[in-house]
Amino acid sequence: MNNLFKPLTDDEIEEFDQLILKYANDDDLSITNFIEMDAFLTAILCSPTPIQPSQWLPRIWGANQPNWDSKEEVSRYMDYLFRCHNFVSTILKSSGEAFTAAFEEIELENGEIVAVYSDWLIVYLQGLEFLGINRLPDIIQPELDLLKQYNEEENELDVPFSYEKEVEKARRIEIAVARIYKYIREEIYLPLSNQTYVREGKKIGVNDPCLCGSGKKYKKCCGRSH
């Protein structure tokens, strides 16, 4: 199996989570943990047109590009990032409404496990806004409206709540996300061959330094994910 399509192990997810926090910027846009990364990548994969890593990588780090401590760390970070990207892509394509998101899970005193979906949902919706998706066709808009509604409601565990209701909400969010992805891919998605492409900014050549700052050529770093 190509390494870029190898799912992350639990230990790798933990290390990636630490690297994400280490290289996050102190601003509201920066992705700060693995749960937020999963949400952002899920949103990016809902893009109605092809989108390159060079377009969405800066949004992960926020205001400034990371000041990497070593080439080894940037290599591990990028490897984990694109393996996570490809895994989420595979799940979205293959699982349909059985799609599962990387919600935070909390164990209650009675042993029941409940998903805390608020942070994931906030970043997912921010990801859609980054893509310019604020409204969808009427047939699928109710799914987006539902996500926005849940985002406005509290998902707190330190106040009285209904376990059954929260489980239902978490599942409903996953189904809505899966339906939005499916609709965009099947009804809206426009590959480059069918559109007039207007490039924003300077073209990145395959032999140019990668924008992530790894020091590698683009074709051997972020460009190899496509």
# chains A, B, ... in the order shown; residues from 1 in each chain; ligands from 1
>>> residues_around(residues="Trp61 (chain A)", least_positions_apart="2", cutoff="10 Å", atoms="only C-alpha atoms", output="mmCIF file with C-alpha atoms, in the first residue's frame")
data_model
loop_
_atom_site.group_PDB
_atom_site.id
_atom_site.type_symbol
_atom_site.label_atom_id
_atom_site.label_comp_id
_atom_site.auth_asym_id
_atom_site.auth_seq_id
_atom_site.Cartn_x
_atom_site.Cartn_y
_atom_site.Cartn_z
ATOM 1 C CA ILE A 20 -0.669 20.330 15.076
ATOM 2 C CA LEU A 21 -0.775 22.181 18.401
ATOM 3 C CA TYR A 23 2.855 24.557 14.952
ATOM 4 C CA ALA A 24 -0.515 26.280 15.284
ATOM 5 C CA ASN A 25 -0.532 30.067 15.372
ATOM 6 C CA ASP A 26 -2.125 32.002 18.192
ATOM 7 C CA ASP A 27 -5.117 33.224 16.205
ATOM 8 C CA LEU A 29 -8.110 30.683 12.220
ATOM 9 C CA SER A 30 -5.352 28.240 13.071
ATOM 10 C CA ILE A 31 -6.168 24.527 13.376
ATOM 11 C CA THR A 32 -5.087 23.433 16.856
ATOM 12 C CA TRP A 56 -5.770 25.320 1.730
ATOM 13 C CA LEU A 57 -2.527 24.711 3.649
ATOM 14 C CA PRO A 58 -2.189 28.377 4.703
ATOM 15 C CA ARG A 59 -5.663 28.209 6.253
ATOM 16 C CA ALA A 63 -1.722 34.023 10.031
ATOM 17 C CA ASN A 64 1.851 32.778 9.578
ATOM 18 C CA GLN A 65 3.651 29.805 8.093
ATOM 19 C CA PRO A 66 5.149 27.567 10.806
ATOM 20 C CA CYS A 212 4.817 24.507 3.403
#
>>> select_by_dssp(residues="region 22-222 of chain A", states="alpha helix (DSSP H)", output="ChimeraX atom specification")
/A:22,34-44,53-61,71-95,118-130,141-152,163-183
>>> closest_residue(among="A:Lys148, A:Arg76, A:Lys182, A:Lys6", to="Phe99 (chain A)", atoms="only C-alpha atoms")
A:Lys182
>>> closest_atom_pairs(of="region 128-181 of chain A", to="region 38-50 of chain A", cutoff="7 Å", atoms="only C-alpha atoms", output="CSV")
residue,atom,partner,partner_atom,distance
A:Leu128,CA,A:Ala43,CA,5.6
A:Leu131,CA,A:Ser47,CA,6.4
A:Tyr181,CA,A:Cys46,CA,5.2
>>> write_last_selection(atoms="all heavy atoms", output="compact mmCIF listing (two decimals), in the first residue's frame")
# COMPACT_ATOMS: atom_id res chain seq x y z
N LEU A 128 -16.31 25.21 5.07
CA LEU A 128 -17.23 25.48 3.95
C LEU A 128 -17.21 26.96 3.58
O LEU A 128 -17.23 27.31 2.40
CB LEU A 128 -18.66 25.05 4.33
CG LEU A 128 -18.92 23.56 4.50
CD1 LEU A 128 -20.42 23.32 4.67
CD2 LEU A 128 -18.39 22.73 3.32
N LEU A 131 -14.37 27.79 1.46
CA LEU A 131 -14.62 27.41 0.07
C LEU A 131 -15.62 28.33 -0.62
O LEU A 131 -15.84 28.21 -1.83
CB LEU A 131 -15.16 25.97 0.01
CG LEU A 131 -14.22 24.86 0.48
CD1 LEU A 131 -14.96 23.52 0.49
CD2 LEU A 131 -12.98 24.77 -0.39
N TYR A 181 -21.66 16.15 0.91
CA TYR A 181 -20.53 15.70 0.09
C TYR A 181 -21.02 14.99 -1.16
O TYR A 181 -20.58 15.28 -2.28
CB TYR A 181 -19.62 14.78 0.90
CG TYR A 181 -18.56 14.09 0.06
CD1 TYR A 181 -17.39 14.75 -0.28
CD2 TYR A 181 -18.76 12.79 -0.41
CE1 TYR A 181 -16.43 14.13 -1.06
CE2 TYR A 181 -17.80 12.16 -1.20
CZ TYR A 181 -16.63 12.84 -1.52
OH TYR A 181 -15.69 12.23 -2.31
>>> atom_distance(atom1="CA of Glu107 (chain A)", atom2="CA of Ala170 (chain A)")
15.1 Å
>>> atom_distance(atom1="CA of Ser75 (chain A)", atom2="CA of Asn3 (chain A)")
13.0 Å
>>> decode(residues="region 123-160 of chain A", atoms="N, CA and C atoms", output="mmCIF file, in the first residue's frame")
data_model
loop_
_atom_site.group_PDB
_atom_site.id
_atom_site.type_symbol
_atom_site.label_atom_id
_atom_site.label_comp_id
_atom_site.auth_asym_id
_atom_site.auth_seq_id
_atom_site.Cartn_x
_atom_site.Cartn_y
_atom_site.Cartn_z
ATOM 1 N N VAL A 123 -15.489 24.042 13.038
ATOM 2 C CA VAL A 123 -14.409 24.091 12.045
ATOM 3 C C VAL A 123 -14.898 23.608 10.680
ATOM 4 N N TYR A 124 -15.781 22.605 10.662
ATOM 5 C CA TYR A 124 -16.330 22.137 9.388
ATOM 6 C C TYR A 124 -17.065 23.267 8.671
ATOM 7 N N LEU A 125 -17.903 23.993 9.393
ATOM 8 C CA LEU A 125 -18.649 25.102 8.795
ATOM 9 C C LEU A 125 -17.708 26.232 8.368
ATOM 10 N N GLN A 126 -16.652 26.463 9.150
ATOM 11 C CA GLN A 126 -15.658 27.452 8.750
ATOM 12 C C GLN A 126 -14.961 27.016 7.462
ATOM 13 N N GLY A 127 -14.738 25.703 7.327
ATOM 14 C CA GLY A 127 -14.129 25.174 6.110
ATOM 15 C C GLY A 127 -15.007 25.404 4.899
ATOM 16 N N LEU A 128 -16.313 25.213 5.066
ATOM 17 C CA LEU A 128 -17.234 25.477 3.955
ATOM 18 C C LEU A 128 -17.208 26.962 3.584
ATOM 19 N N GLU A 129 -17.151 27.824 4.584
ATOM 20 C CA GLU A 129 -17.078 29.260 4.318
ATOM 21 C C GLU A 129 -15.789 29.594 3.577
ATOM 22 N N PHE A 130 -14.699 28.928 3.935
ATOM 23 C CA PHE A 130 -13.425 29.127 3.250
ATOM 24 C C PHE A 130 -13.559 28.793 1.769
ATOM 25 N N LEU A 131 -14.372 27.793 1.458
ATOM 26 C CA LEU A 131 -14.618 27.405 0.070
ATOM 27 C C LEU A 131 -15.621 28.327 -0.621
ATOM 28 N N GLY A 132 -16.237 29.215 0.143
ATOM 29 C CA GLY A 132 -17.247 30.098 -0.422
ATOM 30 C C GLY A 132 -18.627 29.471 -0.447
ATOM 31 N N ILE A 133 -18.813 28.391 0.317
ATOM 32 C CA ILE A 133 -20.115 27.717 0.360
ATOM 33 C C ILE A 133 -20.916 28.264 1.542
ATOM 34 N N ASN A 134 -21.800 29.174 1.267
ATOM 35 C CA ASN A 134 -22.677 29.733 2.289
ATOM 36 C C ASN A 134 -24.120 29.281 2.095
ATOM 37 N N ARG A 135 -24.410 28.845 0.876
ATOM 38 C CA ARG A 135 -25.742 28.329 0.573
ATOM 39 C C ARG A 135 -25.617 27.292 -0.522
ATOM 40 N N LEU A 136 -26.503 26.302 -0.470
ATOM 41 C CA LEU A 136 -26.526 25.223 -1.451
ATOM 42 C C LEU A 136 -27.882 25.212 -2.153
ATOM 43 N N PRO A 137 -28.033 24.473 -3.244
ATOM 44 C CA PRO A 137 -29.348 24.366 -3.895
ATOM 45 C C PRO A 137 -30.423 23.908 -2.913
ATOM 46 N N ASP A 138 -31.658 24.314 -3.179
ATOM 47 C CA ASP A 138 -32.765 24.085 -2.248
ATOM 48 C C ASP A 138 -32.920 22.627 -1.831
ATOM 49 N N ILE A 139 -32.584 21.701 -2.717
ATOM 50 C CA ILE A 139 -32.795 20.291 -2.414
ATOM 51 C C ILE A 139 -31.878 19.787 -1.292
ATOM 52 N N ILE A 140 -30.715 20.429 -1.134
ATOM 53 C CA ILE A 140 -29.757 19.981 -0.113
ATOM 54 C C ILE A 140 -29.546 21.029 0.980
ATOM 55 N N GLN A 141 -30.049 22.243 0.784
ATOM 56 C CA GLN A 141 -29.874 23.314 1.760
ATOM 57 C C GLN A 141 -30.380 22.950 3.153
ATOM 58 N N PRO A 142 -31.483 22.178 3.302
ATOM 59 C CA PRO A 142 -31.929 21.815 4.658
ATOM 60 C C PRO A 142 -30.864 21.106 5.489
ATOM 61 N N GLU A 143 -29.984 20.339 4.837
ATOM 62 C CA GLU A 143 -28.911 19.665 5.564
ATOM 63 C C GLU A 143 -27.917 20.682 6.119
ATOM 64 N N LEU A 144 -27.583 21.684 5.315
ATOM 65 C CA LEU A 144 -26.681 22.733 5.783
ATOM 66 C C LEU A 144 -27.343 23.575 6.864
ATOM 67 N N ASP A 145 -28.635 23.852 6.708
ATOM 68 C CA ASP A 145 -29.366 24.605 7.728
ATOM 69 C C ASP A 145 -29.369 23.862 9.063
ATOM 70 N N LEU A 146 -29.514 22.534 8.999
ATOM 71 C CA LEU A 146 -29.516 21.730 10.214
ATOM 72 C C LEU A 146 -28.167 21.824 10.919
ATOM 73 N N LEU A 147 -27.083 21.763 10.163
ATOM 74 C CA LEU A 147 -25.749 21.877 10.754
ATOM 75 C C LEU A 147 -25.559 23.238 11.412
ATOM 76 N N LYS A 148 -26.035 24.274 10.754
ATOM 77 C CA LYS A 148 -25.924 25.614 11.326
ATOM 78 C C LYS A 148 -26.769 25.741 12.596
ATOM 79 N N GLN A 149 -27.915 25.088 12.587
ATOM 80 C CA GLN A 149 -28.786 25.109 13.768
ATOM 81 C C GLN A 149 -28.104 24.420 14.942
ATOM 82 N N TYR A 150 -27.549 23.227 14.701
ATOM 83 C CA TYR A 150 -26.848 22.504 15.764
ATOM 84 C C TYR A 150 -25.630 23.282 16.252
ATOM 85 N N ASN A 151 -25.003 24.019 15.342
ATOM 86 C CA ASN A 151 -23.833 24.805 15.719
ATOM 87 C C ASN A 151 -24.198 25.925 16.685
ATOM 88 N N GLU A 152 -25.437 26.402 16.579
ATOM 89 C CA GLU A 152 -25.895 27.486 17.448
ATOM 90 C C GLU A 152 -26.390 26.973 18.798
ATOM 91 N N GLU A 153 -26.654 25.677 18.874
ATOM 92 C CA GLU A 153 -27.125 25.090 20.120
ATOM 93 C C GLU A 153 -25.958 24.621 20.975
ATOM 94 N N GLU A 154 -26.155 24.552 22.267
ATOM 95 C CA GLU A 154 -25.091 24.117 23.165
ATOM 96 C C GLU A 154 -24.929 22.608 23.115
ATOM 97 N N ASN A 155 -23.672 22.184 23.147
ATOM 98 C CA ASN A 155 -23.346 20.758 23.230
ATOM 99 C C ASN A 155 -22.426 20.599 24.437
ATOM 100 N N GLU A 156 -22.953 20.884 25.602
ATOM 101 C CA GLU A 156 -22.171 20.851 26.837
ATOM 102 C C GLU A 156 -22.579 19.657 27.682
ATOM 103 N N LEU A 157 -21.592 19.091 28.395
ATOM 104 C CA LEU A 157 -21.869 17.920 29.218
ATOM 105 C C LEU A 157 -21.966 18.254 30.706
ATOM 106 N N ASP A 158 -21.709 19.518 31.078
ATOM 107 C CA ASP A 158 -21.755 19.882 32.494
ATOM 108 C C ASP A 158 -23.109 20.485 32.860
ATOM 109 N N VAL A 159 -24.092 20.345 31.976
ATOM 110 C CA VAL A 159 -25.459 20.780 32.282
ATOM 111 C C VAL A 159 -26.386 19.609 31.986
ATOM 112 N N PRO A 160 -27.601 19.588 32.523
ATOM 113 C CA PRO A 160 -28.520 18.486 32.217
ATOM 114 C C PRO A 160 -28.729 18.328 30.718
#
